[in-house]
Amino acid sequence: MIGIIPILFLIYFSIIIFKEKSKRVKLIGDYVEQIDQSANIGELISSLGTERRFSYQYIIKKDDYDKVLNQRLKTDSIISVLQNSHELALANFTQYTFLDKLAETRSQIDTSKKYTSKEVIQYYTDAIFRLNTINSSSPPSNIFLEPFYQDLIAQNILSEMITFLGIIRTNIYNALYTREYMEETLFGTLGLYKVYNTYETEFLLKASPASVKLYNNEKKSEALKSTISYIDHLFTTLKFDSSYNADQWLQVSTEGMYILKKQKLALWKSVDSKIKNIYYKENKSKNKTLLLLLITILFVIGLVAYLVAHIKNLLRELKLAARKISKGDTGLKLNDMPGGVIGSLAKSILQIDKNNLLLEEAANQIGKGNFNVTVKPRGEQDLLGISINKMKQNLREFTAQKDEIQKETEALVYKRDEFFSIASHELKTPVTSLKAYTQLLLMEASASGDNNHKKMLEKMDIQINKLTSLITDLLDTSKLQNGQLVYNVRSFEFNELASEIIEEIQLTSPEHNLILKANANIKINADRERIGQVISNLLINAIKYASNSKNIIVEITQQNDKLICSVQDFGNGILSEEQDRIFDRFYRISGKNLNTYPGLGLGLFISKEIIEKHQGKIWLQSEYGKGSIFYFELPKK
């Protein structure tokens with residue numbers, strides 16, 4: 001108990017410390033997601049502003065329709081990204097940001113019905129305003145955000161300035177182009193102009209000195225200076241002059257807006273980089289803390305084990321002394337005995353040889369491990385008899401604890417062995433039997449011409465194959481983790497292996513066209529079965545994640561003394577933020593739900609382990625929306 005209780009307390013406090021570290025990492029991770037989400041909303045606002053401008057020009061000029069369509073695609077892409085977000089703040093956001101009317105508005109623009117240019121501008125302006133309210137909030141300041149909190153606030157204020165400036169310049173452009181209601185437009189926009197100036201003041205007060213300096217320098221640039229000066233002049237005089245016509249104003253104000261957007265983007269990149277750096281450091285610190293706690297626990301366990309062994313050795317020495325006394329030996333010496341209970345026990349043993357013959361037999365029995373012997377002290381002052389009784393009690397408790405620990409250890413070892421036995425036999429064996437029976441039933445159905453049952457059995461066979469693959473992946477992962485996976489290295493034709501795998505998978509995926517590109521046969525020394533498993537995993541993934549990609553290309557090349565094999569699909573591609581984790585154990589690409597891309601996320605993990613065990617490497621190139629290419633490289637010898 002002296003050893004176990006401190007260890008339990010140490011483990012308990014280690015868990016508390018690790019949980020606190022994990023909470024810190026999660027908090028910073030939430031900030032990272034919030035900042036990234038804010039960037040996506042800002043990008044949507046910018047895209048809607050551009051679509052507003054192109055749509056307005058199309059309505060009044062009836063040209064550049066291709067620009068309108070291309071911009072709509074960009075807007076829809078950003079909306080799709082936000083809709084796929086798991087953030088509660090963005091749940092069903094299109095229903096309360098006017099975006100549920102976007103398709104209807106576009107249709108009216110295309111058919112030139114119902115909507116006037118002013119109504120179109122008003123619709124997009126309302127949507128931008130509403131989105132901006134979602135994006136305007138900032139996380140409260142705390143110790144993690146202090147290094148860049150001013151930049152974070154400044155970036156949000158710039159977003160507001162860009163939104164208001166975009167509406168102001170659009171209203172001015174509309175007035176310059178139509179030459180109608182010009183004074184009314186200025187009076188109606190005056191409030192927005194005043195709000196814009198308050199945001200500029202807030203920016204100059206709250207932004208970091210570096211951001212303020214950059215803003216003031218950018219404000220001196222020709223485009224932004226001209227834009228702001230013209231707006232200030234208009235709302236000071238409340239009259240239009242001949243400084244700009246509509247097209248000239250559109251050009252100069254677009255360039256001015258671009259300067260503000262560029263500074264906003266630079267601030268966002270700075271904030272994003274800094275918070276991700278903090279997240280990386282905190283995550284690394286969490287891992288270091290976990291490692292340190294584990295080392296500390298192992299050290300304490302080792303120390304306790306050493307103390308238990310030392311006490312055991314001391315007790316063994318006392319036992320030998322007791323045996324000698326029981327045989328009649330005298331003049332015993334017990335060296336280097338500690339204080340406390342064991343010291344008292346040693347002193348008692350040294351008194352045994354001076355005791356009478358009645359206690360000698362009792363001490364001899366105790367030394368042999370017979371704790372049932374009755375020892376009766378001669379009285380309250382008989383220290384020898386009392387000490388022998390105390391020694392008997394201590395030895396009995398120590399032996400009982402040792403036996404209990406040994407039984408618990410044996411039980412744990414048995415459970416471990418039982419688990420591996422179940423995993424290797426109880427899972428694999430019945431699935432193999434199901435496979436055999438299904439094949440027999442398929443043969444009977446084919447022979448009898450029962451196509452209905454044949455199709456059902458073929459589907460069963462496919463599902464059994466999937467289950468077999470999952471079990472194999474789990475067992476392979478277990479073997480990899482325990483270093484038990486055996487590699488049978490020999491020389492073989494790589495092209496021949498690739499061709500076999502392609503033909504096998506082509507039979508189960510006739511809807512895809514698997515293409516092999518190879519200039520010459522290449523021989524390598526490796527485990528043929530495991531390398532085939534890697535090729536199969538990459539092809540199956542290409543089919544799974546690129547269901548709309550008809551062609552899948554397997555290419556084999558040789559560079560110096562290395563072989564390079566690639567598997568290319570033309571499907572959805574992989575988001576850049578997911579590419580760094582694609583080879584992690586149990587990691588799955590995100591989809592609409594858990595069943596979008598079935599599997600355990602072990603195929604690429606196992607493939608990476610196999611390739612690296614062959615002194616090779618595996619990597620990918622992917623662009624979201626355009627497909628992926630997975631490569632692996634192996635030495636020929």
# chains A, B, ... in the order shown; residues from 1 in each chain; ligands from 1
call {"tool": "residues_around", "arguments": {"residues": "stretch 290-299 of chain A", "least_positions_apart": "5", "cutoff": "9 Å", "atoms": "only C-alpha atoms", "output": "list in words"}}
result
Ile7, Leu10, Ile11, Ser14, Ile15, Ile17, Phe18, Ser285 and Val304 of chain A
call {"tool": "write_last_selection", "arguments": {"atoms": "C-alpha atoms", "output": "PDB file, in the first residue's frame"}}
result
ATOM      1  CA  ILE A   7       1.407   5.937  -7.617  1.00  0.00           C
ATOM      2  CA  LEU A  10       0.525  10.607  -9.088  1.00  0.00           C
ATOM      3  CA  ILE A  11      -1.608   9.112 -11.856  1.00  0.00           C
ATOM      4  CA  SER A  14      -1.170  13.547 -14.002  1.00  0.00           C
ATOM      5  CA  ILE A  15      -4.617  13.049 -15.529  1.00  0.00           C
ATOM      6  CA  ILE A  17      -2.680  18.197 -15.521  1.00  0.00           C
ATOM      7  CA  PHE A  18      -3.059  16.532 -18.924  1.00  0.00           C
ATOM      8  CA  SER A 285       3.844  21.315 -24.981  1.00  0.00           C
ATOM      9  CA  VAL A 304       8.646   1.557  -5.674  1.00  0.00           C
TER      10      VAL A 304
END
call {"tool": "residues_around", "arguments": {"residues": "A:Ile462", "least_positions_apart": "6", "cutoff": "12 Å", "atoms": "only C-alpha atoms", "output": "ChimeraX atom specification"}}
result
/A:434-435,438-439,455-456,468-469,505,507-509
call {"tool": "write_last_selection", "arguments": {"atoms": "all heavy atoms", "output": "mmCIF file, in the first residue's frame"}}
result
data_model
loop_
_atom_site.group_PDB
_atom_site.id
_atom_site.type_symbol
_atom_site.label_atom_id
_atom_site.label_comp_id
_atom_site.auth_asym_id
_atom_site.auth_seq_id
_atom_site.Cartn_x
_atom_site.Cartn_y
_atom_site.Cartn_z
ATOM 1 N N LEU A 434 -17.683 -17.968 -44.130
ATOM 2 C CA LEU A 434 -18.749 -17.294 -44.881
ATOM 3 C C LEU A 434 -18.353 -17.095 -46.336
ATOM 4 O O LEU A 434 -19.165 -17.262 -47.252
ATOM 5 C CB LEU A 434 -19.053 -15.936 -44.247
ATOM 6 C CG LEU A 434 -19.878 -15.946 -42.953
ATOM 7 C CD1 LEU A 434 -19.930 -14.547 -42.367
ATOM 8 C CD2 LEU A 434 -21.287 -16.445 -43.209
ATOM 9 N N LYS A 435 -17.105 -16.740 -46.548
ATOM 10 C CA LYS A 435 -16.606 -16.531 -47.914
ATOM 11 C C LYS A 435 -16.721 -17.828 -48.712
ATOM 12 O O LYS A 435 -17.184 -17.845 -49.864
ATOM 13 C CB LYS A 435 -15.146 -16.057 -47.861
ATOM 14 C CG LYS A 435 -14.469 -15.914 -49.208
ATOM 15 C CD LYS A 435 -14.990 -14.730 -49.953
ATOM 16 C CE LYS A 435 -14.224 -14.509 -51.242
ATOM 17 N NZ LYS A 435 -14.745 -13.379 -52.004
ATOM 18 N N THR A 438 -20.386 -18.725 -49.412
ATOM 19 C CA THR A 438 -20.954 -17.810 -50.422
ATOM 20 C C THR A 438 -20.491 -18.189 -51.820
ATOM 21 O O THR A 438 -21.263 -18.155 -52.779
ATOM 22 C CB THR A 438 -20.540 -16.361 -50.099
ATOM 23 O OG1 THR A 438 -20.968 -16.047 -48.778
ATOM 24 C CG2 THR A 438 -21.178 -15.386 -51.075
ATOM 25 N N GLN A 439 -19.206 -18.561 -51.943
ATOM 26 C CA GLN A 439 -18.676 -18.961 -53.252
ATOM 27 C C GLN A 439 -19.395 -20.228 -53.751
ATOM 28 O O GLN A 439 -19.718 -20.366 -54.936
ATOM 29 C CB GLN A 439 -17.167 -19.213 -53.154
ATOM 30 C CG GLN A 439 -16.340 -17.954 -52.919
ATOM 31 C CD GLN A 439 -16.369 -17.040 -54.112
ATOM 32 O OE1 GLN A 439 -16.485 -17.486 -55.245
ATOM 33 N NE2 GLN A 439 -16.322 -15.746 -53.854
ATOM 34 N N LYS A 455 -27.350 -12.444 -57.959
ATOM 35 C CA LYS A 455 -27.034 -11.041 -57.689
ATOM 36 C C LYS A 455 -26.952 -10.782 -56.185
ATOM 37 O O LYS A 455 -26.090 -10.042 -55.705
ATOM 38 C CB LYS A 455 -28.093 -10.135 -58.306
ATOM 39 C CG LYS A 455 -28.043 -10.097 -59.828
ATOM 40 C CD LYS A 455 -29.137 -9.179 -60.391
ATOM 41 C CE LYS A 455 -29.085 -9.138 -61.923
ATOM 42 N NZ LYS A 455 -30.162 -8.287 -62.484
ATOM 43 N N MET A 456 -27.871 -11.383 -55.436
ATOM 44 C CA MET A 456 -27.835 -11.209 -53.984
ATOM 45 C C MET A 456 -26.557 -11.789 -53.391
ATOM 46 O O MET A 456 -25.913 -11.177 -52.532
ATOM 47 C CB MET A 456 -29.058 -11.880 -53.347
ATOM 48 C CG MET A 456 -30.391 -11.199 -53.700
ATOM 49 S SD MET A 456 -31.812 -12.145 -53.123
ATOM 50 C CE MET A 456 -31.533 -12.117 -51.380
ATOM 51 N N THR A 468 -13.585 -8.752 -44.619
ATOM 52 C CA THR A 468 -12.265 -9.386 -44.548
ATOM 53 C C THR A 468 -11.171 -8.343 -44.604
ATOM 54 O O THR A 468 -10.181 -8.413 -43.868
ATOM 55 C CB THR A 468 -12.103 -10.387 -45.711
ATOM 56 O OG1 THR A 468 -13.159 -11.358 -45.651
ATOM 57 C CG2 THR A 468 -10.763 -11.094 -45.619
ATOM 58 N N SER A 469 -11.349 -7.363 -45.483
ATOM 59 C CA SER A 469 -10.350 -6.295 -45.607
ATOM 60 C C SER A 469 -10.238 -5.498 -44.315
ATOM 61 O O SER A 469 -9.132 -5.158 -43.876
ATOM 62 C CB SER A 469 -10.708 -5.375 -46.766
ATOM 63 O OG SER A 469 -9.810 -4.312 -46.851
ATOM 64 N N ILE A 505 -8.961 -5.602 -59.350
ATOM 65 C CA ILE A 505 -9.864 -4.540 -58.917
ATOM 66 C C ILE A 505 -10.810 -4.127 -60.035
ATOM 67 O O ILE A 505 -11.954 -3.737 -59.803
ATOM 68 C CB ILE A 505 -9.057 -3.345 -58.392
ATOM 69 C CG1 ILE A 505 -8.294 -3.769 -57.127
ATOM 70 C CG2 ILE A 505 -9.940 -2.144 -58.094
ATOM 71 C CD1 ILE A 505 -7.426 -2.685 -56.538
ATOM 72 N N LEU A 507 -12.321 -5.996 -62.068
ATOM 73 C CA LEU A 507 -13.471 -6.911 -62.088
ATOM 74 C C LEU A 507 -14.571 -6.435 -61.135
ATOM 75 O O LEU A 507 -15.760 -6.617 -61.419
ATOM 76 C CB LEU A 507 -13.016 -8.325 -61.700
ATOM 77 C CG LEU A 507 -12.094 -9.039 -62.700
ATOM 78 C CD1 LEU A 507 -11.617 -10.364 -62.129
ATOM 79 C CD2 LEU A 507 -12.811 -9.262 -64.036
ATOM 80 N N THR A 508 -14.161 -5.847 -59.994
ATOM 81 C CA THR A 508 -15.157 -5.411 -59.009
ATOM 82 C C THR A 508 -15.587 -3.967 -59.209
ATOM 83 O O THR A 508 -16.498 -3.505 -58.544
ATOM 84 C CB THR A 508 -14.585 -5.572 -57.585
ATOM 85 O OG1 THR A 508 -13.395 -4.790 -57.469
ATOM 86 C CG2 THR A 508 -14.275 -7.027 -57.299
ATOM 87 N N SER A 509 -14.923 -3.260 -60.104
ATOM 88 C CA SER A 509 -15.271 -1.858 -60.374
ATOM 89 C C SER A 509 -15.335 -1.610 -61.870
ATOM 90 O O SER A 509 -14.514 -0.862 -62.427
ATOM 91 C CB SER A 509 -14.236 -0.926 -59.724
ATOM 92 O OG SER A 509 -14.178 -1.126 -58.352
#
call {"tool": "atom_distance", "arguments": {"atom1": "atom CA of A:Phe632", "atom2": "atom CA of A:Phe586"}}
result
20.2 Å
call {"tool": "atom_distance", "arguments": {"atom1": "atom CA of A:Glu202", "atom2": "atom CA of A:Asp151"}}
result
12.9 Å
call {"tool": "residues_around", "arguments": {"residues": "A:Cys565", "least_positions_apart": "3", "cutoff": "12 Å", "atoms": "only C-alpha atoms", "output": "ChimeraX atom specification"}}
result
/A:494-495,497-498,516-518,522,531-532,534-535,538-539,553-559,562,568,611,616-620,629-635
call {"tool": "atom_distance", "arguments": {"atom1": "atom CA of A:Phe605", "atom2": "atom CA of A:Phe583"}}
result
4.9 Å
call {"tool": "closest_residue", "arguments": {"among": "A:Thr432, A:Ser387, A:Asn174, A:Thr50", "to": "A:Thr254", "atoms": "only C-alpha atoms"}}
result
A:Thr50
call {"tool": "closest_residue", "arguments": {"among": "A:Leu514, A:Ile301, A:Val32, A:Ala223", "to": "A:Tyr279", "atoms": "only C-alpha atoms"}}
result
A:Val32
call {"tool": "closest_atom_pairs", "arguments": {"of": "stretch 19-51 of chain A", "to": "stretch 72-84 of chain A", "cutoff": "7 Å", "atoms": "only C-alpha atoms", "output": "Markdown table"}}
result
| residue | atom | partner | partner_atom | distance |
| --- | --- | --- | --- | --- |
| A:Leu44 | CA | A:Ile78 | CA | 6.0 |
| A:Ser47 | CA | A:Thr75 | CA | 5.6 |
| A:Leu48 | CA | A:Thr75 | CA | 6.5 |
| A:Glu51 | CA | A:Arg72 | CA | 6.7 |
call {"tool": "write_last_selection", "arguments": {"atoms": "N, CA and C atoms", "output": "compact mmCIF listing (two decimals), in the first residue's frame"}}
result
# COMPACT_ATOMS: atom_id res chain seq x y z
N LEU A 44 -16.65 35.35 -48.74
CA LEU A 44 -17.99 35.32 -49.32
C LEU A 44 -18.52 36.74 -49.50
N SER A 47 -16.87 38.18 -52.47
CA SER A 47 -17.37 37.57 -53.70
C SER A 47 -18.76 38.10 -54.05
N LEU A 48 -19.60 38.26 -53.02
CA LEU A 48 -20.94 38.82 -53.27
C LEU A 48 -20.84 40.27 -53.76
N GLU A 51 -19.96 40.02 -57.37
CA GLU A 51 -21.12 39.57 -58.14
C GLU A 51 -22.16 40.69 -58.25
call {"tool": "closest_residue", "arguments": {"among": "A:Leu563, A:Ala154, A:Val300, A:Ile543", "to": "A:Leu204", "atoms": "only C-alpha atoms"}}
result
A:Ala154
call {"tool": "decode", "arguments": {"residues": "stretch 156-183 of chain A", "atoms": "N, CA and C atoms", "output": "PDB file, in the first residue's frame"}}
result
ATOM      1  N   ASN A 156     -11.017  42.949 -38.297  1.00  0.00           N
ATOM      2  CA  ASN A 156     -12.484  43.017 -38.278  1.00  0.00           C
ATOM      3  C   ASN A 156     -12.980  44.421 -38.634  1.00  0.00           C
ATOM      4  N   ILE A 157     -12.271  45.439 -38.111  1.00  0.00           N
ATOM      5  CA  ILE A 157     -12.687  46.815 -38.417  1.00  0.00           C
ATOM      6  C   ILE A 157     -12.503  47.103 -39.901  1.00  0.00           C
ATOM      7  N   LEU A 158     -11.384  46.625 -40.470  1.00  0.00           N
ATOM      8  CA  LEU A 158     -11.160  46.807 -41.908  1.00  0.00           C
ATOM      9  C   LEU A 158     -12.265  46.141 -42.721  1.00  0.00           C
ATOM     10  N   SER A 159     -12.744  44.984 -42.247  1.00  0.00           N
ATOM     11  CA  SER A 159     -13.845  44.308 -42.942  1.00  0.00           C
ATOM     12  C   SER A 159     -15.073  45.206 -42.988  1.00  0.00           C
ATOM     13  N   GLU A 160     -15.377  45.862 -41.852  1.00  0.00           N
ATOM     14  CA  GLU A 160     -16.518  46.774 -41.812  1.00  0.00           C
ATOM     15  C   GLU A 160     -16.288  47.958 -42.766  1.00  0.00           C
ATOM     16  N   MET A 161     -15.074  48.504 -42.738  1.00  0.00           N
ATOM     17  CA  MET A 161     -14.766  49.646 -43.605  1.00  0.00           C
ATOM     18  C   MET A 161     -14.932  49.275 -45.075  1.00  0.00           C
ATOM     19  N   ILE A 162     -14.442  48.073 -45.439  1.00  0.00           N
ATOM     20  CA  ILE A 162     -14.540  47.620 -46.832  1.00  0.00           C
ATOM     21  C   ILE A 162     -16.003  47.445 -47.234  1.00  0.00           C
ATOM     22  N   THR A 163     -16.807  46.884 -46.302  1.00  0.00           N
ATOM     23  CA  THR A 163     -18.234  46.689 -46.598  1.00  0.00           C
ATOM     24  C   THR A 163     -18.927  48.033 -46.857  1.00  0.00           C
ATOM     25  N   PHE A 164     -18.734  48.994 -45.946  1.00  0.00           N
ATOM     26  CA  PHE A 164     -19.398  50.289 -46.111  1.00  0.00           C
ATOM     27  C   PHE A 164     -18.855  51.044 -47.319  1.00  0.00           C
ATOM     28  N   LEU A 165     -17.534  50.976 -47.535  1.00  0.00           N
ATOM     29  CA  LEU A 165     -16.956  51.664 -48.678  1.00  0.00           C
ATOM     30  C   LEU A 165     -17.470  51.071 -49.983  1.00  0.00           C
ATOM     31  N   GLY A 166     -17.663  49.732 -49.996  1.00  0.00           N
ATOM     32  CA  GLY A 166     -18.197  49.092 -51.194  1.00  0.00           C
ATOM     33  C   GLY A 166     -19.604  49.563 -51.525  1.00  0.00           C
ATOM     34  N   ILE A 167     -20.436  49.734 -50.488  1.00  0.00           N
ATOM     35  CA  ILE A 167     -21.807  50.212 -50.722  1.00  0.00           C
ATOM     36  C   ILE A 167     -21.781  51.667 -51.194  1.00  0.00           C
ATOM     37  N   ILE A 168     -20.940  52.491 -50.550  1.00  0.00           N
ATOM     38  CA  ILE A 168     -20.862  53.911 -50.922  1.00  0.00           C
ATOM     39  C   ILE A 168     -20.433  54.065 -52.375  1.00  0.00           C
ATOM     40  N   ARG A 169     -19.363  53.348 -52.780  1.00  0.00           N
ATOM     41  CA  ARG A 169     -18.867  53.523 -54.147  1.00  0.00           C
ATOM     42  C   ARG A 169     -19.855  52.978 -55.168  1.00  0.00           C
ATOM     43  N   THR A 170     -20.604  51.915 -54.807  1.00  0.00           N
ATOM     44  CA  THR A 170     -21.613  51.380 -55.718  1.00  0.00           C
ATOM     45  C   THR A 170     -22.742  52.388 -55.929  1.00  0.00           C
ATOM     46  N   ASN A 171     -23.181  53.033 -54.828  1.00  0.00           N
ATOM     47  CA  ASN A 171     -24.229  54.060 -54.958  1.00  0.00           C
ATOM     48  C   ASN A 171     -23.758  55.227 -55.810  1.00  0.00           C
ATOM     49  N   ILE A 172     -22.505  55.634 -55.620  1.00  0.00           N
ATOM     50  CA  ILE A 172     -21.954  56.738 -56.427  1.00  0.00           C
ATOM     51  C   ILE A 172     -21.890  56.346 -57.892  1.00  0.00           C
ATOM     52  N   TYR A 173     -21.444  55.099 -58.154  1.00  0.00           N
ATOM     53  CA  TYR A 173     -21.363  54.629 -59.535  1.00  0.00           C
ATOM     54  C   TYR A 173     -22.755  54.626 -60.180  1.00  0.00           C
ATOM     55  N   ASN A 174     -23.749  54.158 -59.441  1.00  0.00           N
ATOM     56  CA  ASN A 174     -25.114  54.105 -59.973  1.00  0.00           C
ATOM     57  C   ASN A 174     -25.609  55.508 -60.342  1.00  0.00           C
ATOM     58  N   ALA A 175     -25.309  56.468 -59.467  1.00  0.00           N
ATOM     59  CA  ALA A 175     -25.747  57.842 -59.745  1.00  0.00           C
ATOM     60  C   ALA A 175     -25.018  58.427 -60.955  1.00  0.00           C
ATOM     61  N   LEU A 176     -23.696  58.155 -61.028  1.00  0.00           N
ATOM     62  CA  LEU A 176     -22.921  58.667 -62.166  1.00  0.00           C
ATOM     63  C   LEU A 176     -23.370  58.041 -63.478  1.00  0.00           C
ATOM     64  N   TYR A 177     -23.753  56.765 -63.395  1.00  0.00           N
ATOM     65  CA  TYR A 177     -24.121  56.087 -64.639  1.00  0.00           C
ATOM     66  C   TYR A 177     -25.521  56.492 -65.109  1.00  0.00           C
ATOM     67  N   THR A 178     -26.474  56.505 -64.184  1.00  0.00           N
ATOM     68  CA  THR A 178     -27.858  56.779 -64.591  1.00  0.00           C
ATOM     69  C   THR A 178     -28.149  58.275 -64.677  1.00  0.00           C
ATOM     70  N   ARG A 179     -27.336  59.078 -63.902  1.00  0.00           N
ATOM     71  CA  ARG A 179     -27.544  60.532 -63.827  1.00  0.00           C
ATOM     72  C   ARG A 179     -28.946  60.873 -63.300  1.00  0.00           C
ATOM     73  N   GLU A 180     -29.489  59.969 -62.500  1.00  0.00           N
ATOM     74  CA  GLU A 180     -30.814  60.179 -61.940  1.00  0.00           C
ATOM     75  C   GLU A 180     -30.725  60.200 -60.413  1.00  0.00           C
ATOM     76  N   TYR A 181     -31.566  61.015 -59.800  1.00  0.00           N
ATOM     77  CA  TYR A 181     -31.658  61.086 -58.340  1.00  0.00           C
ATOM     78  C   TYR A 181     -30.280  61.229 -57.693  1.00  0.00           C
ATOM     79  N   MET A 182     -29.453  62.088 -58.237  1.00  0.00           N
ATOM     80  CA  MET A 182     -28.070  62.166 -57.782  1.00  0.00           C
ATOM     81  C   MET A 182     -27.983  62.757 -56.369  1.00  0.00           C
ATOM     82  N   GLU A 183     -28.696  63.856 -56.144  1.00  0.00           N
ATOM     83  CA  GLU A 183     -28.654  64.450 -54.812  1.00  0.00           C
ATOM     84  C   GLU A 183     -29.318  63.530 -53.783  1.00  0.00           C
TER      85      GLU A 183
END
